[in-house]
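Trainee: Structure below; questions to follow.
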Amino acid sequence: MSIRSKNPGSGQVLRIGTRKSAMALAQTDEVARLLRAAAPELAVDVVKFETRGDQDQTSKLLRHGGKGGAFVAEIRAAMRAGTLQAAMHSLKDVPGNEETPGLVIAAMLARDAANDSLVLRPGLSLETFRAARGKGFMIGTNAVRRAAYLRRLFPEATVIHFRGAADTRVAKLDRGDKQRLPGGGEVGPADALVMARSGLERIGLTARIAHDFSVDEMLPAVGQGIVAVECVESDWPTRARLAQIDNAASRLSAEAEREVLWVLNGHCNSPIAGHATLAGGEMTLRASVLDEAGAGFIEVVRRGPADRPRELGRAVGMELLDKGAAEIIARTRPDE
Ligand SMILES: NCc1[nH]cc(CCC(=O)O)c1CC(=O)O
């Protein structure tokens with residue numbers, strides 16, 4: 001059945017906005033491929049945006065309303081103005097503590113790998129790195145959560161701030177570039193990076209993965225590995241298109257995980273981790289809150305019926321709060 005509308009923007013052409021990093025473009029191409037497969041008559045146009053987050057690598061992005069906020073604000077404005085029908089986001093980068101009136105996430109794709117991976121500079125072997133337990137090595141990451149886990153897993157390594165699009169970060173590692181710091185000065189070069197496996201897969205760099213951390217070793221960010229497509233709430237033709245490519249398991253997991261963020265008032269760069277798995281009608285939700293120094297660490301695991309994800313997320317979030325999560329979040333600098 002083809003869906004027609006008098007609104008020229010939401011009939012046979014669907015314009016989808018995205019950041020223009022290699023990773024974001026690969027994700028958007030996948031969304032476009034699935035939409036075309038579901039509706040061969042549909043023309044999907046990919047519109048590339050250079051967001052403030054991409055242009056301004058060294059600024060403290062939280063000033064722009066959060067790291068995720070910087071990535072998504074501009075694309076959302078275009079959608080509200082009607083020049084786009086949809087926006088592609090990494091769900092991980094969509095803040096979990098903000099209301100977005102008039103917008104809805106109408107599709108979540110089947111989840112890719114949710115775990116983080118270790119990438120080593122050329123010439124450094126995993127054996128050497130492991131034998132040293134990280135001592136004498138610098139590990140770069142852009143995320144407070146990863147920094148906190150790294151300080152627990154490799155207490156003797158130096159964790160440094162490393163920012164940029166995924167392909168740019170690996171190129172910097174390979175060239176041995178230093179990283180400019182937001183407050184001036186520089187650190188590095190890095191010996192290793194920790195990045196999302198899904199991101200490395202999407203830009204064709206899986207061959208660079210020296211080690212996959214399991215989700216229990218390094219609990220992922222809420223929503224990690226899920227591509228989300230947002231549209232205007234009242235644009236029913238577009239919602240119907242997007243509903244065709246929505247994945248139920250991703251949606252249930254995301255609802256549970258994001259409820260934890262909501263309860264804790266967190267966003268993608270808070271030291272909060274959360275991951276849900278589904279099996280036989282049951283959901284297991286694990287979430288943690290970590291101290292930047294790796295000292296404070298609260299983890300909660302609960303199980304519940306898979307069809308009540310928000311209830312489970314709320315219970316896990318409340319238990320984290322009971323155990324002192326708010327204090328840990330408050331004392332962590334959010335823009336490290
Ligand atoms: N913040 C950038 C970002 N946003 C989403 C991903 C990974 C892909 C995903 O989680 O879907 C990445 C790169 C990374 O964390 O290494």
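For the structure tokens, the naming scheme is as follows: chains receive sequential letters (A, B, ...) according to their order of presentation, residues are indexed from 1 within each chain, and ligands are indexed from 1 in presentation order.
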Neighbouring residues of ligand 1 are defined here as those with any atom at most 6 Å from a ligand atom, counting only C-alpha atoms and all ligand atoms; list them as a short mmCIF file (atom, residue, chain, number, x, y, z; two decimals) with C-alpha atoms, in the first residue's frame.

Mentor:
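What follows is the written file out.cif:
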```cif
data_model
loop_
_atom_site.label_atom_id
_atom_site.label_comp_id
_atom_site.auth_asym_id
_atom_site.auth_seq_id
_atom_site.Cartn_x
_atom_site.Cartn_y
_atom_site.Cartn_z
CA SER A 90 22.65 7.59 16.97
CA LYS A 92 23.18 7.21 22.21
CA ASP A 93 23.60 10.87 21.26
CA ALA A 166 35.41 8.07 14.70
CA MET A 195 35.40 3.27 20.73
CA ALA A 196 32.02 1.77 19.98
CA SER A 198 29.21 -0.45 15.96
CA GLY A 199 30.83 2.82 14.89
CA GLN A 224 24.60 2.37 22.08
CA GLY A 225 24.42 0.59 18.74
CA ILE A 226 20.87 1.69 17.92
CA VAL A 227 20.18 3.93 14.94
#
```

Trainee: Excluding same-chain residues fewer than 6 positions from A:Arg169, what lies within 10 Å of it counting only C-alpha atoms, as number ranges by chain?

Mentor: A: 140-142, 162-163, 175, 177, 179, 190, 193, 195

Trainee: Stretch 121-130 of chain A: which residues within 12 Å, counting only C-alpha atoms, same-chain residues fewer than 4 positions away excluded, as a PyMOL selection string?

Mentor: chain A and resi 134-140+153-154+156-157+169-177+189-194+207-212

Trainee: Please give the complete set of residues from stretch 31-240 of chain A that DSSP, run on the backbone, assigns to strand (DSSP E), formatted as a CSV table (one decimal) with C-alpha atoms, in the first residue's frame.

Mentor:
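This went into states_12.csv:
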```
chain,number,residue,atom,x,y,z
A,43,ALA,CA,12.5,8.4,-3.2
A,44,VAL,CA,14.8,8.9,-0.2
A,45,ASP,CA,17.0,12.0,-0.2
A,46,VAL,CA,19.9,12.2,2.3
A,47,VAL,CA,20.5,15.8,3.4
A,48,LYS,CA,23.9,16.4,5.1
A,49,PHE,CA,24.4,18.8,7.9
A,86,ALA,CA,13.1,12.8,9.2
A,87,ALA,CA,16.4,13.0,11.1
A,88,MET,CA,18.9,10.2,11.6
A,89,HIS,CA,20.5,10.0,15.1
A,90,SER,CA,22.6,7.6,17.0
A,103,LEU,CA,8.9,15.2,17.7
A,104,VAL,CA,8.9,11.5,18.0
A,105,ILE,CA,11.4,8.7,17.4
A,106,ALA,CA,9.4,6.8,14.8
A,107,ALA,CA,11.9,4.1,14.0
A,108,MET,CA,14.7,2.3,15.7
A,116,ASP,CA,33.1,-1.0,23.1
A,117,SER,CA,36.3,-2.1,21.5
A,118,LEU,CA,40.0,-1.4,22.0
A,119,VAL,CA,42.0,0.0,19.0
A,120,LEU,CA,45.8,0.0,19.3
A,138,MET,CA,48.0,6.5,27.1
A,139,ILE,CA,44.4,5.5,26.2
A,140,GLY,CA,42.2,8.1,24.5
A,141,THR,CA,38.5,8.4,24.9
A,158,THR,CA,46.9,7.3,31.6
A,159,VAL,CA,43.4,8.1,30.2
A,160,ILE,CA,43.4,11.1,28.0
A,161,HIS,CA,40.7,13.2,26.4
A,179,GLN,CA,45.1,16.2,21.1
A,180,ARG,CA,44.4,19.8,21.8
A,186,GLU,CA,47.8,19.3,24.5
A,187,VAL,CA,48.0,15.6,25.5
A,192,ALA,CA,45.1,3.1,22.2
A,193,LEU,CA,41.6,4.2,21.8
A,194,VAL,CA,38.3,2.9,23.1
A,195,MET,CA,35.4,3.3,20.7
A,196,ALA,CA,32.0,1.8,20.0
A,209,ILE,CA,39.9,-4.0,16.8
A,210,ALA,CA,42.5,-5.5,19.1
A,211,HIS,CA,40.0,-6.5,21.8
A,212,ASP,CA,36.2,-6.4,22.3
A,227,VAL,CA,20.2,3.9,14.9
A,228,ALA,CA,17.1,6.1,15.5
A,229,VAL,CA,14.9,8.0,13.1
A,230,GLU,CA,13.0,11.0,14.3
A,231,CYS,CA,10.1,12.8,12.7
A,232,VAL,CA,7.4,15.4,13.4
```

Trainee: Please measure the separation of atom CA of A:Leu320 and atom CA of A:Val289, giving the value in Å to one decimal.

Mentor: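 Separation of atom CA of A:Leu320 and atom CA of A:Val289: 7.5 Å.
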
Trainee: Find, counting only C-alpha atoms, the residue in A:Gly304, A:Gly274, A:Gly102, A:Pro95 that gets nearest to A:Val222.

Mentor: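 Among the listed residues, A:Gly274 lies closest to A:Val222.
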
Trainee: Could you check how far atom CA of A:Asp307 sits from atom CA of A:Gly324, in Å to one decimal?

Mentor: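 Answer for the atom CA of A:Asp307 to atom CA of A:Gly324 separation: 28.3 Å.
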